[in-house]
Structure formats: structure tokens, C-alpha cells
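File shown: structure.csv (CSV, C-alpha atoms).
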```csv
chain,number,residue,atom,x,y,z
U,1,MET,CA,-76.2,-10.0,157.7
U,2,GLY,CA,-74.4,-10.3,154.3
U,3,ILE,CA,-71.6,-12.3,155.9
U,4,VAL,CA,-74.1,-14.6,157.6
U,5,LEU,CA,-75.9,-15.2,154.3
U,6,ALA,CA,-72.7,-15.9,152.5
U,7,VAL,CA,-71.7,-18.4,155.2
U,8,LEU,CA,-75.1,-20.1,154.9
U,9,LEU,CA,-74.8,-20.2,151.1
U,10,ILE,CA,-71.3,-21.8,151.2
U,11,ALA,CA,-72.6,-24.3,153.8
U,12,GLY,CA,-75.5,-25.2,151.6
U,13,VAL,CA,-73.4,-25.7,148.5
U,14,ALA,CA,-71.0,-27.9,150.5
U,15,ALA,CA,-73.9,-30.0,151.8
U,16,ALA,CA,-75.3,-30.4,148.3
U,17,VAL,CA,-72.0,-31.6,147.0
U,18,ALA,CA,-71.6,-34.0,149.9
U,19,LEU,CA,-75.1,-35.3,149.3
U,20,GLY,CA,-74.4,-35.8,145.6
U,21,ARG,CA,-71.3,-37.8,146.4
U,22,ASP,CA,-73.2,-39.9,148.9
U,23,SER,CA,-75.9,-40.5,146.2
U,24,ARG,CA,-73.3,-41.6,143.6
U,25,ALA,CA,-71.8,-44.0,146.2
U,26,GLY,CA,-75.2,-45.7,146.7
U,27,GLY,CA,-76.2,-43.7,149.7
U,28,GLY,CA,-79.7,-42.9,151.0
U,29,SER,CA,-81.1,-41.7,147.7
U,30,GLY,CA,-80.9,-45.2,146.2
U,31,THR,CA,-79.1,-44.0,143.0
U,32,ALA,CA,-77.2,-46.8,141.5
U,33,ALA,CA,-73.4,-46.8,142.0
U,34,LYS,CA,-72.3,-49.3,139.4
U,35,THR,CA,-73.2,-49.2,135.7
U,36,VAL,CA,-72.9,-52.6,134.0
U,37,ARG,CA,-73.2,-53.3,130.3
U,38,GLY,CA,-74.5,-56.6,128.9
U,39,VAL,CA,-75.6,-58.3,125.8
U,40,ILE,CA,-78.8,-60.3,126.2
U,41,GLY,CA,-81.2,-62.4,124.2
U,42,SER,CA,-84.2,-60.3,123.1
U,43,GLU,CA,-86.6,-62.4,125.1
U,44,LYS,CA,-85.2,-60.8,128.3
U,45,ALA,CA,-85.4,-57.2,127.0
U,46,GLU,CA,-88.8,-56.4,128.6
U,47,PHE,CA,-87.6,-57.7,132.0
U,48,PHE,CA,-84.6,-55.5,132.0
U,49,ALA,CA,-86.6,-52.5,130.7
U,50,ASP,CA,-89.3,-52.9,133.3
U,51,PRO,CA,-89.3,-49.8,135.6
U,52,ASP,CA,-89.7,-52.1,138.6
U,53,THR,CA,-86.7,-54.1,137.6
U,54,VAL,CA,-84.7,-50.9,137.1
U,55,LYS,CA,-85.8,-49.7,140.5
U,56,ALA,CA,-85.0,-53.0,142.2
U,57,LEU,CA,-81.5,-53.1,140.6
U,58,ALA,CA,-80.9,-49.5,141.6
U,59,ALA,CA,-81.7,-50.3,145.2
U,60,LYS,CA,-78.9,-52.8,145.1
U,61,GLY,CA,-76.5,-50.3,143.5
U,62,PHE,CA,-76.8,-51.2,139.8
U,63,THR,CA,-77.7,-49.5,136.6
U,64,VAL,CA,-77.9,-52.1,133.8
U,65,ARG,CA,-77.4,-51.1,130.2
U,66,THR,CA,-78.3,-53.9,127.7
U,67,GLU,CA,-78.1,-54.6,124.0
U,68,THR,CA,-79.9,-57.5,122.3
U,69,SER,CA,-78.4,-60.2,120.1
U,70,GLY,CA,-79.2,-63.7,118.9
U,71,SER,CA,-77.9,-66.1,121.5
U,72,TRP,CA,-75.8,-68.0,119.0
U,73,ALA,CA,-74.3,-64.8,117.5
U,74,MET,CA,-72.9,-63.5,120.8
U,75,ASP,CA,-69.6,-65.2,120.5
U,76,ARG,CA,-69.0,-63.2,117.3
U,77,LEU,CA,-69.4,-59.9,119.1
U,78,PRO,CA,-66.5,-57.8,120.4
U,79,LEU,CA,-67.3,-58.3,124.1
U,80,LYS,CA,-64.5,-56.1,125.4
U,81,GLY,CA,-66.1,-53.4,127.6
U,82,TYR,CA,-69.1,-55.6,128.5
U,83,ASP,CA,-69.7,-56.9,132.0
U,84,PHE,CA,-71.9,-59.9,131.1
U,85,ALA,CA,-73.4,-61.9,128.3
U,86,PHE,CA,-76.8,-63.5,128.8
U,87,PRO,CA,-77.8,-65.9,126.1
U,88,GLY,CA,-81.0,-68.1,126.2
U,89,SER,CA,-79.4,-71.4,126.9
U,90,LYS,CA,-76.5,-73.3,128.4
U,91,ALA,CA,-74.7,-74.4,125.1
U,92,PRO,CA,-73.9,-70.9,123.8
U,93,ALA,CA,-73.1,-69.7,127.4
U,94,ASP,CA,-70.6,-72.6,127.7
U,95,GLU,CA,-69.0,-71.6,124.4
U,96,LEU,CA,-68.8,-67.9,125.5
U,97,SER,CA,-67.2,-69.0,128.8
U,98,ARG,CA,-64.5,-70.8,126.9
U,99,SER,CA,-63.8,-68.0,124.4
U,100,ALA,CA,-64.2,-65.0,126.6
U,101,GLU,CA,-62.4,-64.2,129.9
U,102,ALA,CA,-65.3,-65.2,132.1
U,103,ARG,CA,-65.2,-64.5,135.9
U,104,GLY,CA,-66.1,-67.9,137.2
U,105,GLY,CA,-68.7,-70.3,135.9
U,106,PRO,CA,-72.0,-69.3,134.3
U,107,LEU,CA,-75.1,-68.6,136.4
U,108,ARG,CA,-78.7,-69.8,135.5
U,109,PRO,CA,-81.2,-67.6,137.3
U,110,PHE,CA,-84.3,-68.8,135.4
U,111,TYR,CA,-85.5,-70.9,132.6
U,112,SER,CA,-88.5,-71.3,130.2
U,113,PRO,CA,-89.6,-74.4,128.1
U,114,LEU,CA,-90.3,-74.0,124.4
U,115,VAL,CA,-94.0,-74.3,123.4
U,116,VAL,CA,-96.0,-74.0,120.2
U,117,VAL,CA,-98.8,-71.4,120.1
U,118,ALA,CA,-101.6,-72.3,117.8
U,119,HIS,CA,-104.9,-70.9,116.7
U,120,ARG,CA,-107.8,-73.1,117.9
U,121,ASN,CA,-108.9,-74.3,114.5
U,122,ALA,CA,-105.3,-75.4,113.6
U,123,ALA,CA,-105.0,-77.1,117.0
U,124,GLU,CA,-108.2,-79.0,116.6
U,125,VAL,CA,-107.2,-80.2,113.1
U,126,LEU,CA,-103.9,-81.4,114.5
U,127,ALA,CA,-105.8,-83.3,117.2
U,128,ALA,CA,-108.3,-84.8,114.8
U,129,ASN,CA,-105.4,-86.2,112.8
U,130,GLY,CA,-103.4,-87.6,115.7
U,131,LEU,CA,-100.7,-84.9,115.8
U,132,ALA,CA,-101.8,-83.4,119.1
U,133,ARG,CA,-103.9,-83.9,122.2
U,134,LEU,CA,-106.1,-81.1,123.5
U,135,ARG,CA,-107.4,-80.2,127.0
U,136,ALA,CA,-110.7,-78.3,127.2
U,137,ALA,CA,-110.8,-75.0,129.0
U,138,ASN,CA,-112.3,-75.0,132.5
U,139,GLY,CA,-116.0,-74.2,132.4
U,140,SER,CA,-116.3,-74.6,128.6
U,141,GLY,CA,-118.2,-77.9,128.8
U,142,GLY,CA,-115.4,-79.5,126.9
U,143,LYS,CA,-116.0,-77.3,123.9
U,144,TRP,CA,-113.0,-75.0,123.7
U,145,ALA,CA,-109.4,-76.1,124.0
U,146,THR,CA,-106.8,-73.7,125.4
U,147,GLN,CA,-103.9,-76.1,126.1
U,148,GLY,CA,-102.6,-79.4,124.8
U,149,THR,CA,-99.7,-81.6,123.8
U,150,LEU,CA,-97.9,-81.6,120.5
U,151,LEU,CA,-97.0,-85.2,119.6
U,152,MET,CA,-93.5,-84.7,118.2
U,153,GLY,CA,-93.3,-88.2,116.6
U,154,PRO,CA,-96.4,-87.9,114.5
U,155,TYR,CA,-95.8,-84.3,113.7
U,156,LEU,CA,-92.3,-85.0,112.4
U,157,ALA,CA,-93.6,-87.9,110.4
U,158,ALA,CA,-96.1,-85.5,108.7
U,159,ALA,CA,-93.3,-83.0,108.1
U,160,GLU,CA,-91.2,-85.7,106.5
U,161,ASP,CA,-94.1,-86.6,104.2
U,162,ASP,CA,-94.7,-82.9,103.3
U,163,ARG,CA,-98.2,-83.2,104.5
U,164,THR,CA,-100.4,-80.2,103.7
U,165,TRP,CA,-103.3,-78.8,105.7
U,166,GLN,CA,-105.7,-79.8,102.8
U,167,GLN,CA,-104.6,-83.5,103.3
U,168,LEU,CA,-105.7,-83.4,106.9
U,169,LYS,CA,-109.3,-84.1,107.8
U,170,GLY,CA,-111.3,-81.3,109.4
U,171,THR,CA,-109.9,-78.4,107.3
U,172,SER,CA,-113.0,-77.9,105.3
U,173,GLY,CA,-114.3,-74.4,105.8
U,174,HIS,CA,-110.9,-73.1,107.1
U,175,ALA,CA,-109.5,-71.3,104.1
U,176,GLU,CA,-106.7,-69.9,106.3
U,177,LEU,CA,-105.3,-73.4,106.7
U,178,SER,CA,-103.5,-74.1,103.5
U,179,GLY,CA,-100.2,-75.2,102.2
U,180,THR,CA,-97.6,-77.3,104.0
U,181,VAL,CA,-98.1,-78.0,107.7
U,182,PHE,CA,-95.1,-76.4,109.6
U,183,ILE,CA,-94.1,-74.6,112.7
U,184,THR,CA,-92.6,-71.1,112.4
U,185,SER,CA,-89.3,-71.0,114.3
U,186,THR,CA,-86.4,-68.6,114.4
U,187,ASP,CA,-83.1,-68.8,112.5
U,188,PRO,CA,-81.2,-71.7,114.2
U,189,VAL,CA,-77.8,-70.3,113.1
U,190,THR,CA,-78.2,-67.2,115.3
U,191,SER,CA,-81.2,-67.7,117.5
U,192,ASN,CA,-81.5,-69.8,120.6
U,193,SER,CA,-85.1,-71.0,120.2
U,194,GLY,CA,-84.5,-72.1,116.6
U,195,ALA,CA,-81.4,-74.1,117.6
U,196,LEU,CA,-83.2,-75.8,120.5
U,197,TYR,CA,-86.1,-76.7,118.2
U,198,LEU,CA,-83.6,-78.6,116.0
U,199,ALA,CA,-82.1,-80.2,119.1
U,200,ALA,CA,-85.5,-81.6,120.3
U,201,ALA,CA,-86.6,-82.6,116.7
U,202,SER,CA,-83.3,-84.4,115.9
U,203,TYR,CA,-83.5,-86.3,119.2
U,204,VAL,CA,-87.0,-87.6,118.4
U,205,ALA,CA,-86.2,-88.3,114.7
U,206,ASP,CA,-83.1,-90.3,115.7
U,207,GLY,CA,-85.0,-92.6,118.0
U,208,GLY,CA,-84.4,-90.8,121.3
U,209,ARG,CA,-80.7,-90.4,120.8
U,210,VAL,CA,-78.8,-87.1,121.2
U,211,ALA,CA,-76.4,-86.3,118.3
U,212,THR,CA,-72.8,-87.1,119.5
U,213,ASP,CA,-70.9,-87.0,116.2
U,214,ALA,CA,-71.1,-85.8,112.6
U,215,ARG,CA,-72.7,-89.0,111.4
U,216,ALA,CA,-75.6,-88.5,113.8
U,217,VAL,CA,-76.1,-85.0,112.5
U,218,LYS,CA,-76.1,-86.3,109.0
U,219,ARG,CA,-78.7,-88.9,109.7
U,220,THR,CA,-81.4,-86.3,110.6
U,221,ALA,CA,-80.1,-83.5,108.3
U,222,PRO,CA,-82.7,-84.1,105.5
U,223,LEU,CA,-85.6,-83.8,107.9
U,224,MET,CA,-84.1,-80.8,109.7
U,225,ARG,CA,-83.7,-79.1,106.3
U,226,LYS,CA,-87.5,-79.6,105.7
U,227,LEU,CA,-88.4,-78.1,109.0
U,228,VAL,CA,-86.3,-75.0,108.3
U,229,GLN,CA,-86.5,-74.4,104.6
U,230,VAL,CA,-90.3,-74.7,104.3
U,231,GLN,CA,-90.4,-71.5,106.3
U,232,GLY,CA,-88.5,-69.3,103.9
U,233,ALA,CA,-87.0,-66.2,105.6
U,234,GLN,CA,-86.7,-66.6,109.3
U,235,GLN,CA,-86.5,-64.0,112.1
U,236,THR,CA,-83.6,-63.8,114.5
U,237,SER,CA,-85.9,-63.4,117.5
U,238,SER,CA,-89.2,-65.0,118.5
U,239,ASP,CA,-90.7,-61.7,119.5
U,240,ALA,CA,-91.9,-60.6,116.0
U,241,PRO,CA,-93.5,-64.0,115.1
U,242,PHE,CA,-95.2,-64.1,118.5
U,243,ARG,CA,-96.6,-60.5,118.0
U,244,ASP,CA,-97.8,-61.4,114.5
U,245,PHE,CA,-99.5,-64.5,115.9
U,246,ILE,CA,-101.3,-62.6,118.6
U,247,SER,CA,-102.3,-59.9,116.0
U,248,GLY,CA,-103.9,-62.7,114.0
U,249,VAL,CA,-101.5,-62.7,111.1
U,250,GLY,CA,-98.8,-65.1,110.0
U,251,ASN,CA,-98.5,-68.9,110.3
U,252,PRO,CA,-101.1,-70.7,112.6
U,253,LEU,CA,-98.3,-72.6,114.4
U,254,VAL,CA,-95.4,-70.6,116.0
U,255,LEU,CA,-92.6,-71.8,118.3
U,256,VAL,CA,-92.1,-69.4,121.3
U,257,TYR,CA,-91.0,-69.4,124.9
U,258,GLU,CA,-93.5,-70.3,127.5
U,259,SER,CA,-92.3,-67.1,129.3
U,260,GLN,CA,-93.7,-65.0,126.4
U,261,VAL,CA,-97.2,-66.5,126.8
U,262,ALA,CA,-97.1,-66.3,130.6
U,263,SER,CA,-95.9,-62.7,130.6
U,264,LEU,CA,-98.8,-61.8,128.2
U,265,LEU,CA,-101.3,-63.5,130.5
U,266,MET,CA,-100.0,-61.8,133.6
U,267,SER,CA,-99.6,-58.4,132.2
U,268,SER,CA,-101.4,-55.6,134.0
U,269,GLN,CA,-102.3,-54.3,130.5
U,270,ARG,CA,-103.4,-57.6,129.3
U,271,GLN,CA,-103.9,-57.9,125.5
U,272,GLU,CA,-106.7,-60.2,124.3
U,273,VAL,CA,-105.4,-63.6,123.4
U,274,GLY,CA,-108.3,-64.6,121.2
U,275,ASP,CA,-108.3,-68.2,120.2
U,276,LEU,CA,-104.9,-69.0,121.6
U,277,VAL,CA,-104.0,-72.6,122.3
U,278,VAL,CA,-100.7,-73.5,124.0
U,279,LEU,CA,-99.2,-76.8,122.8
U,280,TYR,CA,-96.4,-78.3,125.0
U,281,PRO,CA,-94.3,-80.6,122.8
U,282,ASP,CA,-94.2,-84.0,124.4
U,283,THR,CA,-90.4,-83.9,123.8
U,284,THR,CA,-88.9,-80.4,124.2
U,285,VAL,CA,-85.9,-78.5,125.5
U,286,SER,CA,-86.0,-75.9,128.2
U,287,SER,CA,-84.2,-72.7,127.6
U,288,ASP,CA,-81.9,-72.2,130.6
U,289,HIS,CA,-81.2,-68.5,130.5
U,290,THR,CA,-77.5,-68.5,131.4
U,291,LEU,CA,-75.5,-65.4,132.4
U,292,VAL,CA,-71.8,-65.4,131.6
U,293,PRO,CA,-70.0,-62.9,133.9
U,294,LEU,CA,-67.2,-61.1,132.1
U,295,THR,CA,-66.3,-58.8,135.1
U,296,ASP,CA,-66.7,-58.9,138.8
U,297,HIS,CA,-69.7,-56.6,138.6
U,298,GLY,CA,-71.2,-58.9,136.0
U,299,ARG,CA,-70.9,-61.8,138.4
U,300,GLU,CA,-72.5,-59.7,141.2
U,301,LEU,CA,-75.4,-59.0,138.9
U,302,GLY,CA,-75.9,-62.7,138.1
U,303,GLU,CA,-75.9,-63.6,141.7
U,304,LEU,CA,-78.5,-61.0,142.5
U,305,LEU,CA,-80.8,-62.2,139.7
U,306,SER,CA,-80.4,-65.7,141.2
U,307,THR,CA,-81.0,-64.9,144.8
U,308,ASP,CA,-82.7,-61.6,145.4
U,309,PRO,CA,-86.4,-62.2,146.2
U,310,VAL,CA,-87.7,-59.0,144.5
U,311,LEU,CA,-85.8,-59.7,141.3
U,312,ARG,CA,-87.0,-63.3,141.3
U,313,LYS,CA,-90.5,-62.1,141.7
U,314,LEU,CA,-90.1,-59.7,138.8
U,315,ALA,CA,-88.6,-62.5,136.6
U,316,VAL,CA,-91.7,-64.6,137.3
U,317,ARG,CA,-93.9,-61.6,136.4
U,318,HIS,CA,-92.2,-61.7,133.0
U,319,GLY,CA,-93.1,-65.4,132.7
U,320,PHE,CA,-89.7,-67.0,133.6
U,321,ARG,CA,-89.4,-70.0,136.0
U,322,PRO,CA,-86.8,-69.3,138.7
U,323,GLN,CA,-84.3,-72.1,139.2
U,324,GLY,CA,-85.2,-74.2,142.2
U,325,ALA,CA,-88.3,-72.3,143.1
U,326,ALA,CA,-91.3,-73.9,141.4
U,327,ALA,CA,-93.7,-72.5,144.1
U,328,GLU,CA,-93.1,-68.9,143.0
U,329,PHE,CA,-94.1,-69.6,139.4
U,330,THR,CA,-97.0,-71.8,140.5
U,331,ALA,CA,-98.4,-69.0,142.7
U,332,ALA,CA,-98.0,-66.3,140.1
U,333,THR,CA,-99.7,-68.3,137.3
U,334,ALA,CA,-102.5,-69.8,139.4
U,335,GLY,CA,-105.1,-67.8,137.5
U,336,HIS,CA,-103.9,-68.9,134.1
U,337,THR,CA,-103.7,-72.7,134.3
U,338,ALA,CA,-106.1,-73.0,131.4
U,339,TYR,CA,-103.1,-72.1,129.2
U,340,ILE,CA,-100.0,-72.8,131.4
U,341,ASP,CA,-99.0,-76.3,132.4
U,342,GLN,CA,-97.4,-75.5,135.7
U,343,ARG,CA,-96.0,-79.0,136.3
U,344,LEU,CA,-95.0,-79.7,132.6
U,345,THR,CA,-97.1,-82.9,132.8
U,346,GLY,CA,-95.8,-85.6,130.4
U,347,VAL,CA,-93.2,-83.3,128.9
U,348,ARG,CA,-89.8,-85.1,128.3
U,349,GLN,CA,-86.6,-83.0,128.2
U,350,ALA,CA,-84.3,-83.9,125.3
U,351,PRO,CA,-80.6,-83.6,125.8
U,352,VAL,CA,-78.9,-80.9,123.8
U,353,PRO,CA,-75.9,-81.7,121.5
U,354,THR,CA,-72.6,-79.8,122.1
U,355,ALA,CA,-72.5,-76.3,120.7
U,356,GLU,CA,-70.2,-77.4,117.9
U,357,LEU,CA,-72.6,-80.2,116.7
U,358,LEU,CA,-75.7,-78.0,117.1
U,359,ARG,CA,-74.1,-75.3,115.0
U,360,SER,CA,-73.3,-77.9,112.4
U,361,MET,CA,-76.9,-79.1,112.5
U,362,ALA,CA,-78.2,-75.6,112.1
U,363,ARG,CA,-75.9,-74.8,109.1
U,364,GLN,CA,-76.9,-78.0,107.3
U,365,ALA,CA,-80.6,-77.3,108.0
U,366,ARG,CA,-80.3,-73.9,106.5
U,367,GLY,CA,-78.5,-75.4,103.5
```

Please go through the file and, once you have read it, give me the structure as C-alpha cells.
Amino acid sequence: MGIVLAVLLIAGVAAAVALGRDSRAGGGSGTAAKTVRGVIGSEKAEFFADPDTVKALAAKGFTVRTETSGSWAMDRLPLKGYDFAFPGSKAPADELSRSAEARGGPLRPFYSPLVVVAHRNAAEVLAANGLARLRAANGSGGKWATQGTLLMGPYLAAAEDDRTWQQLKGTSGHAELSGTVFITSTDPVTSNSGALYLAAASYVADGGRVATDARAVKRTAPLMRKLVQVQGAQQTSSDAPFRDFISGVGNPLVLVYESQVASLLMSSQRQEVGDLVVLYPDTTVSSDHTLVPLTDHGRELGELLSTDPVLRKLAVRHGFRPQGAAAEFTAATAGHTAYIDQRLTGVRQAPVPTAELLRSMARQARG
């Protein structure tokens, strides 16, 4: 009996070891076989941290470890040992591809346009003064606006003239609307959304021309400085200003990604959005979230994010628009069209200057 038990014990240990090896190789247990490291823009942190995303990646043999950085600061990081870099737009990704040893061209799994979130009283004042157009919420009898268009030309003219809220009609009784009218954005030197804000603003300010040389940057530099310097200290990520806005503190106009709004609306633990109004600039820049593969495993991950139906569905759940699949986003946001403009009606995309010129624009704006 003792010999039999010993044999069974040895067999059991051997089976457990074999099972463990099979598990580490991506066998039936579903445990990920490849651990990849990446640096990402903070706007994608919740997507990668989502337990469902972790599970979906593990089913494909991946464990993904991420660290966050401003998109325009990634090229200054020591990227040795990383498998991918995932900034928020094409320009810093192209720059990373040139400076790092990328494995093939960048991949763009999903994108998100820039929007301005506003409190209703601020949005109504902008509309009353010709700086915005508003759309009433369904079923409100035309009373409450939840979505609209920011008119970039008139808004930039007001910014150039240093207009204050008190100079606009309709601010009586709104003590919270005071001081210079401005949009809170992120630091354009390090952050993607802040840099793209300048790209769109400079395009409009220069008569619909994209900056192609230093002279073009210089022409709009005074206005770009006003847009940035009136804000004082700026964040390196749009997460904190957006959280402050939803909490009811901070500036009444904040530049964020549409994905942040859509994700909040679609969340299973939905937070109250209060008097939120989403303003789509009539001229904007979409943030093409672009993965730069630094290793073969990084490239495999980028291809998975672009093609795997489960991962695409999860990206949509976090508010992103998958490339080439408008129907997925439309279906997911069908219940939130009071806030989300699914078709981006009347929104014009501004071309983005080269990374070198946009960096110069950002530095001059910061002074």
C-alpha cells in the first residue's frame, strides 16, 4: 500500500508540473504566455486596466503591463525594454517611429475627436453671444441643451479680444461665470490633447491654412499664447480637469476627449453628469490613438487591438471609435445621442502640422 501511494503521489506531482507548464505556454487554463510592456497615454489607462480587457488579452496569450506618459513626452523616455508605445495621435507616433527601432509601421486601432464640455449656464451664454449653437435634449420641450457646436471663429475672436464673461449678455445672476472666457486644456508641450487644440486653433486663426513653416507658426503665436497663458498652470493629462468638471469645480469650459464623455455615459456604475453640455468644435482634430510596435510582441498586440472583435467591443465601451467600424460605436451609444454626435455632423477636421512645427507652436504658446 505504501509503495502504491508513493507512486500515485509522484504521478500527481508530475501531472501538476506538466499542467503548470501547459498553463504557462497558453494552454487550456487561459493563462497568458507573453508579458508585454508599454507606455501609453493616460486616457487609455482605464481600458487596459479593465478586468474584461485583461481577460480578453489573456485569452489571446498576453499580459500587458502599462505605464502612463504625456504623448509628446514619450520620445524622451528610455524605451529600451518596452514592447510598444501608444501615444494619443499620429504626429508623436510618427516621431517615435523615426527615433525608436519600430517593428513596422504604426497601427491605429481607434480614435476620438476632441470636444469641449460645458456647464449648461456657460453653454447658454456662449450661444446667446454667437459663440456656440445648442441642441435641446430630446423630450425637454426645447428647454435644456445637452449638445451643441462651438463656433471656433467667433470663440477665437473673443479670446483675441480678452473678452470676459461679464462682457457677455446673459451672465447676470451667474456669479460663477467671471473673469476671462477660456477653455481649460492640457499642457501642449507634453500632452496630446493640448497640442491638438493648438493645431485646430491655429488652423482656424490662419484662415484655414495648416502651418507649414516657422513663419506660419509665428503668425498665430500671439493668439496661441493667449489661449494657453490665461489658464495658468496646466495639467499633463485631461483626466484631472474632466474629473474636476464632473465634480462641479474648476473652469466651466474644459477640453477633453469624446471617449471620456462616452465612457462615463456607458459606464455600468454611471455617475451623474448633472448639467453637462457637450460642445463639438466646428473645426477640430481627432485623436488617432496610434500604437508604435517596438518588438514583435508589441506588433502582435497592436494587430489584436485592431482586429479582435472582443477587444474592439471593449474599446467602444470605453468610448473609443474603432477605425473603419462606425456601426459598432453607433450601436453602443444609441442610448446617449442627447450628448454624443454619432455622425460628427458639421465637424471639419483640421490638418495637423508636422511634429517639429507643432512642438515649436507649443513652446511659443507656453512662452

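The spacing separating CA of Ala365 in chain U from CA of Met224 in chain U amounts to 5.2 Å.
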
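The closest residue to Leu357 in chain U, picked from U:Glu95, U:Glu101, U:Glu328, U:Asp213 and counting all atoms listed in the file, is U:Asp213.
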
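Across U:Leu344, U:Ala200, U:Leu358, U:Leu150, the tightest approach to Thr330 in chain U is made by U:Leu344 when counting all atoms listed in the file.
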
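Straight-line separation from CA of Leu114 in chain U to CA of Tyr257 in chain U: 4.7 Å.
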
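Residue nearest Gly302 in chain U within the list U:Thr149, U:Leu264, U:Ala195, U:Thr290: U:Thr290 [criterion: smallest interatomic distance, all atoms listed in the file].
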
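Using only C-alpha atoms, the protein and nucleic acid residues lying no more than 7 Å from Arg37 in chain U, apart from those fewer than 6 places from it along its own chain, are Val64, Arg65, Thr66, Tyr82, Asp83 and Phe84 of chain U.
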
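CA of Ser306 in chain U lies 16.0 Å from CA of Ala59 in chain U.
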
Per-residue nearest contacts of range 31-117 of chain U to range 352-356 of chain U (9 Å; only C-alpha atoms) as a tab-separated table:
```
residue	atom	partner	partner_atom	distance
U:Ala91	CA	U:Ala355	CA	5.3
U:Pro92	CA	U:Ala355	CA	6.4
U:Asp94	CA	U:Ala355	CA	8.1
U:Glu95	CA	U:Ala355	CA	6.9
```

Nearest candidate to Leu314 in chain U (options U:Val249, U:Val54, U:Leu96, U:Val36; using all atoms listed in the file)
U:Val54

Which neighbours of Pro188 in chain U fall inside 9 Å, counting all atoms listed in the file, when residues of the same chain fewer than 3 positions from it are skipped, and could you give them as a ChimeraX atom specification?
/U:72,185,191-198,228,234,236,358-359,361-363,365-366

Give me the residues near Met74 in chain U as number ranges by chain, where near means some atom within 12 Å (using all atoms listed in the file) and where sequence neighbours in that chain fewer than 3 positions away do not count.
U: 38-42, 67-71, 77-79, 82, 84-89, 91-97, 99-100, 189-192, 292

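Nearest residue to Ala159 in chain U among U:Pro293, U:Pro113, U:Gly319, U:Pro222 is U:Pro222, counting only C-alpha atoms.
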
Name the residues in contact with Ala262 in chain U at a cut-off of 10 Å, using only C-alpha atoms, excluding same-chain residues fewer than 6 positions from it; report them as a PyMOL selection string.
chain U and resi 112+316-320+329+332-333+336-337+339-340

Pick out the residues sitting within 9 Å of Val115 in chain U, and hand them over as a PyMOL selection string; count only C-alpha atoms, and ignore anything fewer than 6 positions along from it in its own chain.
chain U and resi 150+254-258+278-281+284

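Using all atoms listed in the file, the nearest neighbour of Thr345 in chain U within the list U:Thr186, U:Gln364, U:Gln147, U:Thr63 is U:Gln147.
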
Which protein, DNA or RNA residues have an atom at most 6 Å from (-74.6, -50.4, 142.5), counting all atoms listed in the file? List them as a PyMOL selection string.
chain U and resi 32-34+60-62

Save the residues we just selected, C-alpha atoms, as a compact mmCIF listing (two decimals), keeping the file's coordinate frame?
```txt
# COMPACT_ATOMS: atom_id res chain seq x y z
CA ALA U 32 -77.20 -46.80 141.50
CA ALA U 33 -73.40 -46.80 142.00
CA LYS U 34 -72.30 -49.30 139.40
CA LYS U 60 -78.90 -52.80 145.10
CA GLY U 61 -76.50 -50.30 143.50
CA PHE U 62 -76.80 -51.20 139.80
```
